[in-house]
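Asks: Handing you this structure, nothing more for now.
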Amino acid sequence: MALVLYNTATRRKEAFEPLEPGLVRLYVCGPTPYDYAHIGNARAFVAFDVLYRLLRARYGKVIYVRNITDVDDKINAAAREEGVGIDVVTARTIAAFHADMAALNVLPPTVEPRVTAHIAQIVAMIATLIAKGHAYLAEGHVLFHVPSMVDYGSLSGHSRDELIAGARIDVAPYKRDPGDFVLWKPSTPDLPGWDSPWGRGRPGWHIECSAMAETHLGLTIDIHGGGRDLVFPHHENERAQSLCAHGGVPFVRYWVHNGFVTVEGEKMSKSLGNFRTPNEVLRQAPGEAIRLALLAAHYRQPLDWTDDGLKAAKARLDNWYTALRLAEGVPAEAAEPGAFAAVLSDFARAMDDDLNTPMALGALDLLAGALNKATDRAQKAAFKAALVFGAGMIGLLNHAPEDWFKWQPPGVEGLDERAILDLIEQRLAARKAKDFARADAIRKQLADGGVLLEDKPGGRTEWKRAS
RNA sequence: GGCCGGGUAGCCAAGUGGUAAGGCGAGAGUCUGCAAAACUCUUAUUCGCGGGUUCGAUUCCCGCCCCGGCCUCCA
């Protein structure tokens with residue numbers, strides 16, 4: 001079965017094959033570290049993390065490049081406001097970003113290039129574009145000349161005329177064409193800048209991705225990802241730059257874009273102020289639950305972020321961990337590889353179909369149920385293996401069940417473990433003595449402290465924190 | 001205004017030209033000293049509305065309504 005991906009460029013699902021067998025080149029637009037990431041940003045990185053894991057499993061080697069745009073006017077503005085250098089702002093924000101990604105179990109990319117380390121490549125690419133007649137100098141700016149490219153607009157489905165007609169911005173007077181966009185812009189002495197043949201300045205928004213993709217992945221990349229809002233203008237312009245600089249050598253074979261996280265039906269965004277950061281949400285639920293909540297809708301669909309959705313994700317993981325806990329002594333391995341593949345086939349099929357995580361999650365639910373119902377040890381082992389493997393493939397079920405059930409929000413100090421175990425001992429003694437009133441009082445006491453008990457056969461009692 | 005998406009049970013969310021996965025929630029039962037968990041059963045005669053094509057449409061076509069996004073920094 002082949003992996004099928006929806007390609008924004010063709011607006012249809014296409015079977016995926018890397019250009020070079022056994023090696024996938026993946027580029028995803030990373031953060032601009034001017035401020036903390038929010039759940040909407042995180043969704044993109046979780047979605048592409050799932051893609052990355054799947055590609056690795058299917059094709060072996062993947063070069064995953066996810067850049068950091070550490071040169072940007074919003075960073076300049078933030079730095080100016082604080083009266084510090086841009087590196088202070090970016091260092092702090094990048095550290096927070098990495099912490100957020102780790103909390104959501106997003107794997108680090110193979111390379112995480114920064115714009116500040118690729119100025120030379122950017123300058124070289126701009127020079128090439130000028131030399132080939134695709135860019136021109138005007139009032140200290142270097143601009144990409146859109147009419148110099150025949151099929152500009154084909155990725156986003158916009159014609160140039162439409163774009164001009166719908167333009168809501170004032171067109172800078174020095175542009176030869178209203179659609180022309182900046183490759184290099186002059187910096188005043190108080191702004192970060194680098195020397196170039198066109199004077200001291202800084203790169204425009206789109207050129208850095210073209211240059212970094214070329215540097216780390218070469219002329220043609222297999223998959224380029226990002227949020228839907230990047231299709232235009234960012235990816236359209238990136239494509240124009242790369243194709244023109246490379247003399248028409250194919251740039252991206254599959255364009256993949258994720259949908260937005262909304263809040264009450266509206267796009268989550270900084271400007272609307274309706275955003276939640278991973279850090280805030282981590283006080284409500286473990287990172288794994290946040291990750292699952294982000295995978296509960298198909299990556300191309302909008303996802304409405306709600307507390308209920310997060311709770312449902314946590315409850316679903318509780319189910320899976322409960323199933324694992326019940327099968328504690330059973331090894332997670334199938335007796336024979338064939339059996340393993342068979343029970344996991346629905347999951348694999350769903351993932352292969354354009355990363356249909358909602359359906360894949362459904363398959364895992366069924367596996368958890370099957371694990372609970374299985375009576376035969378070999379069967380249990382196969383279901384357990386399939387559940388753990390499938391969930392692991394999308395970055396879930398990474399904890400030992402006993403640890404999972406001990407989770408409590410950071411900063412919250414519930415009953416300590418010694419006290420809990422001590423009370424459980426006392427309750428067991430009371431039960432043995434048929435003093436059920438006392439036993440129930442202890443249960444109540446623990447419940448008030450957020451600890452729930454489960455009596456198991458054999459006189460054992462397990463506990464978990466309510467959340 | 002132009003161009004894209006989407007409208008499926010109380011909520012979330014897949015899906016298919018042949019009669020609606022799964023999760024959360026709710027209800028009943030088995031089990032249990034009581035619980036919890038697990039297991040069993042129930043919870044959309046119906047997929048925004050109106051037409052059309054078809055033996056048959058939620059799924060294809062047309063129109064309409066509503067919601068969101070992009071066209072400007074944005075995952």
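Within each chain, counting starts at residue 1; across the structure tokens, chains are named A, B, ... in the order shown, with ligands numbered 1 upward in that order.
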Can you build me a table of chain B residues sitting at most 10 Å from chain A, with the closest atom pair per residue and its distance in Å to one decimal, using only C-alpha atoms (C1' of nucleotides), sorted by chain and residue number, as a Markdown table?
Replies:
```
| residue | atom | partner | partner_atom | distance |
| --- | --- | --- | --- | --- |
| B:G1 | C1' | A:Gly166 | CA | 7.6 |
| B:G2 | C1' | A:Glu162 | CA | 6.2 |
| B:C3 | C1' | A:His158 | CA | 6.6 |
| B:C4 | C1' | A:Gly157 | CA | 8.6 |
| B:G5 | C1' | A:Gln301 | CA | 8.2 |
| B:G6 | C1' | A:Gln301 | CA | 8.2 |
| B:C11 | C1' | A:Asp308 | CA | 7.9 |
| B:C12 | C1' | A:Gly309 | CA | 6.4 |
| B:A13 | C1' | A:Ala297 | CA | 6.4 |
| B:A14 | C1' | A:Met359 | CA | 5.5 |
| B:G15 | C1' | A:Met359 | CA | 9.1 |
| B:A21 | C1' | A:Gly362 | CA | 7.0 |
| B:G22 | C1' | A:Gly362 | CA | 4.2 |
| B:G23 | C1' | A:Arg316 | CA | 6.7 |
| B:C24 | C1' | A:Ala312 | CA | 4.9 |
| B:G25 | C1' | A:Ala312 | CA | 9.3 |
| B:U32 | C1' | A:Asp455 | CA | 9.0 |
| B:G33 | C1' | A:Phe436 | CA | 7.1 |
| B:C34 | C1' | A:Asp440 | CA | 7.8 |
| B:A35 | C1' | A:Glu454 | CA | 7.9 |
| B:A36 | C1' | A:Glu454 | CA | 4.9 |
| B:A37 | C1' | A:Glu454 | CA | 6.8 |
| B:A38 | C1' | A:Asn372 | CA | 7.0 |
| B:C39 | C1' | A:Lys373 | CA | 7.4 |
| B:C67 | C1' | A:Gly265 | CA | 7.8 |
| B:G68 | C1' | A:Gly265 | CA | 6.8 |
| B:G69 | C1' | A:Asp229 | CA | 7.9 |
| B:C70 | C1' | A:Asp229 | CA | 6.4 |
| B:C71 | C1' | A:Gly166 | CA | 6.0 |
| B:U72 | C1' | A:Ile169 | CA | 6.6 |
| B:C73 | C1' | A:Lys74 | CA | 8.2 |
| B:C74 | C1' | A:Asp229 | CA | 6.9 |
| B:A75 | C1' | A:Asn41 | CA | 4.2 |
```
Asks: Excluding A44 of chain B and its own-chain neighbours fewer than 6 positions away, which residues fall within 9 Å of it when counting only C-alpha atoms (C1' of nucleotides)? Please give them as a PyMOL selection string.
Replies: chain B and resi 8-9+20
Asks: If you run DSSP on this backbone, which residues of segment 145-386 of chain A come out as strand (DSSP E), and could you give them as a PyMOL selection string?
Replies: chain A and resi 181-186+201-203+221-227+252-258+261-263+266-267+303-304
Asks: I'd like the neighbourhood of Leu355 of chain A as a list in words, where a residue qualifies if any of its atoms comes within 10 Å (using only C-alpha atoms (C1' of nucleotides)), though same-chain residues fewer than 2 positions away should be ignored.
Replies: Leu3, Val4, Leu5, Tyr6, Ala47, Phe48, Val50, Leu51, Leu54, Leu295, His298, Tyr299, Arg300, Ala348, Arg349, Ala350, Met351, Asp352, Asp353, Thr357, Pro358, Met359, Ala360 and Ile394 of chain A
Asks: With N, CA, C and O atoms retained, could you export that selection as a compact mmCIF listing (two decimals), in the first residue's frame?
Replies:
```txt
# COMPACT_ATOMS: atom_id res chain seq x y z
N LEU A 3 1.60 5.29 0.38
CA LEU A 3 1.20 6.47 1.12
C LEU A 3 0.63 7.48 0.12
O LEU A 3 1.20 7.72 -0.94
N VAL A 4 -0.53 8.00 0.47
CA VAL A 4 -1.17 8.98 -0.39
C VAL A 4 -1.22 10.31 0.34
O VAL A 4 -1.54 10.36 1.53
N LEU A 5 -0.84 11.38 -0.34
CA LEU A 5 -0.87 12.71 0.27
C LEU A 5 -1.68 13.66 -0.60
O LEU A 5 -1.63 13.58 -1.83
N TYR A 6 -2.38 14.55 0.05
CA TYR A 6 -3.10 15.58 -0.67
C TYR A 6 -2.11 16.68 -1.04
O TYR A 6 -1.44 17.24 -0.19
N ALA A 47 1.38 17.95 13.39
CA ALA A 47 0.94 17.30 12.16
C ALA A 47 2.14 16.85 11.33
O ALA A 47 2.19 15.70 10.86
N PHE A 48 3.12 17.73 11.18
CA PHE A 48 4.27 17.36 10.36
C PHE A 48 5.20 16.40 11.10
O PHE A 48 5.95 15.66 10.47
N VAL A 50 4.00 13.93 12.78
CA VAL A 50 3.37 12.65 12.46
C VAL A 50 3.80 12.22 11.05
O VAL A 50 4.14 11.06 10.81
N LEU A 51 3.81 13.18 10.14
CA LEU A 51 4.25 12.86 8.78
C LEU A 51 5.71 12.39 8.78
O LEU A 51 6.06 11.40 8.14
N LEU A 54 6.00 8.90 10.09
CA LEU A 54 5.48 7.94 9.12
C LEU A 54 6.45 7.75 7.96
O LEU A 54 6.73 6.62 7.54
N LEU A 295 -4.64 15.78 17.18
CA LEU A 295 -4.71 14.78 16.12
C LEU A 295 -6.12 14.23 15.94
O LEU A 295 -6.37 13.38 15.09
N HIS A 298 -8.76 15.55 11.28
CA HIS A 298 -7.82 15.38 10.17
C HIS A 298 -7.00 16.66 9.99
O HIS A 298 -7.52 17.75 10.17
N TYR A 299 -5.73 16.52 9.63
CA TYR A 299 -4.86 17.70 9.65
C TYR A 299 -5.29 18.81 8.70
O TYR A 299 -4.94 19.97 8.90
N ARG A 300 -6.04 18.47 7.66
CA ARG A 300 -6.45 19.53 6.74
C ARG A 300 -7.75 20.22 7.16
O ARG A 300 -8.14 21.22 6.60
N ALA A 348 -2.82 1.19 9.83
CA ALA A 348 -1.85 1.51 8.78
C ALA A 348 -2.55 2.06 7.54
O ALA A 348 -2.08 3.03 6.92
N ARG A 349 -3.67 1.48 7.21
CA ARG A 349 -4.41 1.93 6.03
C ARG A 349 -4.87 3.38 6.22
O ARG A 349 -4.79 4.21 5.32
N ALA A 350 -5.35 3.67 7.42
CA ALA A 350 -5.82 5.03 7.70
C ALA A 350 -4.67 6.03 7.59
O ALA A 350 -4.81 7.10 6.99
N MET A 351 -3.53 5.67 8.14
CA MET A 351 -2.38 6.58 8.10
C MET A 351 -1.90 6.80 6.67
O MET A 351 -1.50 7.90 6.29
N ASP A 352 -1.93 5.74 5.89
CA ASP A 352 -1.48 5.85 4.50
C ASP A 352 -2.41 6.72 3.67
O ASP A 352 -2.02 7.26 2.64
N ASP A 353 -3.64 6.84 4.09
CA ASP A 353 -4.59 7.64 3.35
C ASP A 353 -4.53 9.10 3.82
O ASP A 353 -5.38 9.57 4.56
N THR A 357 -5.64 10.61 10.73
CA THR A 357 -5.47 10.27 12.15
C THR A 357 -6.78 9.99 12.89
O THR A 357 -6.79 9.14 13.77
N PRO A 358 -7.88 10.68 12.57
CA PRO A 358 -9.12 10.34 13.29
C PRO A 358 -9.51 8.88 13.09
O PRO A 358 -9.96 8.20 14.01
N MET A 359 -9.32 8.40 11.87
CA MET A 359 -9.66 7.01 11.60
C MET A 359 -8.63 6.09 12.25
O MET A 359 -8.98 5.03 12.79
N ALA A 360 -7.39 6.48 12.21
CA ALA A 360 -6.33 5.67 12.82
C ALA A 360 -6.55 5.57 14.33
O ALA A 360 -6.37 4.51 14.94
N ILE A 394 2.46 7.52 16.08
CA ILE A 394 1.99 8.90 16.03
C ILE A 394 2.37 9.65 17.31
O ILE A 394 1.80 10.69 17.63
```
Asks: Fewer than 4 positions away in the same chain doesn't count, so skip those; otherwise give me all residues within 12 Å of Leu397 of chain A, counting only C-alpha atoms (C1' of nucleotides), as a PyMOL selection string.
Replies: chain A and resi 104-105+286-289+291-292+314+316-325+364+368+384-393+401+403-404
Asks: May I have all residues of segment 249-409 of chain A that DSSP, computed from the backbone, assigns to alpha helix (DSSP H), given as a PyMOL selection string?
Replies: chain A and resi 278-281+287-295+307-326+337-352+357-373+377-393+401-404
Asks: Hey, can you check how far atom CA of Leu23 of chain A sits from atom CA of Ile63 of chain A?
Replies: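 Distance reported for this atom pair: 7.5 Å.
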Asks: Considering only C-alpha atoms, state which residue in the set A:Leu219, A:Ala95, A:Ile424, A:Ala127 is at the smallest distance from Gly248 of chain A.
Replies: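 Ranking A:Leu219, A:Ala95, A:Ile424, A:Ala127 by distance to Gly248 of chain A, first place goes to A:Leu219.
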Asks: At what distance in Å, to one decimal, does atom CA of Leu55 of chain A lie from atom CA of Pro278 of chain A?
Replies: 25.8 Å
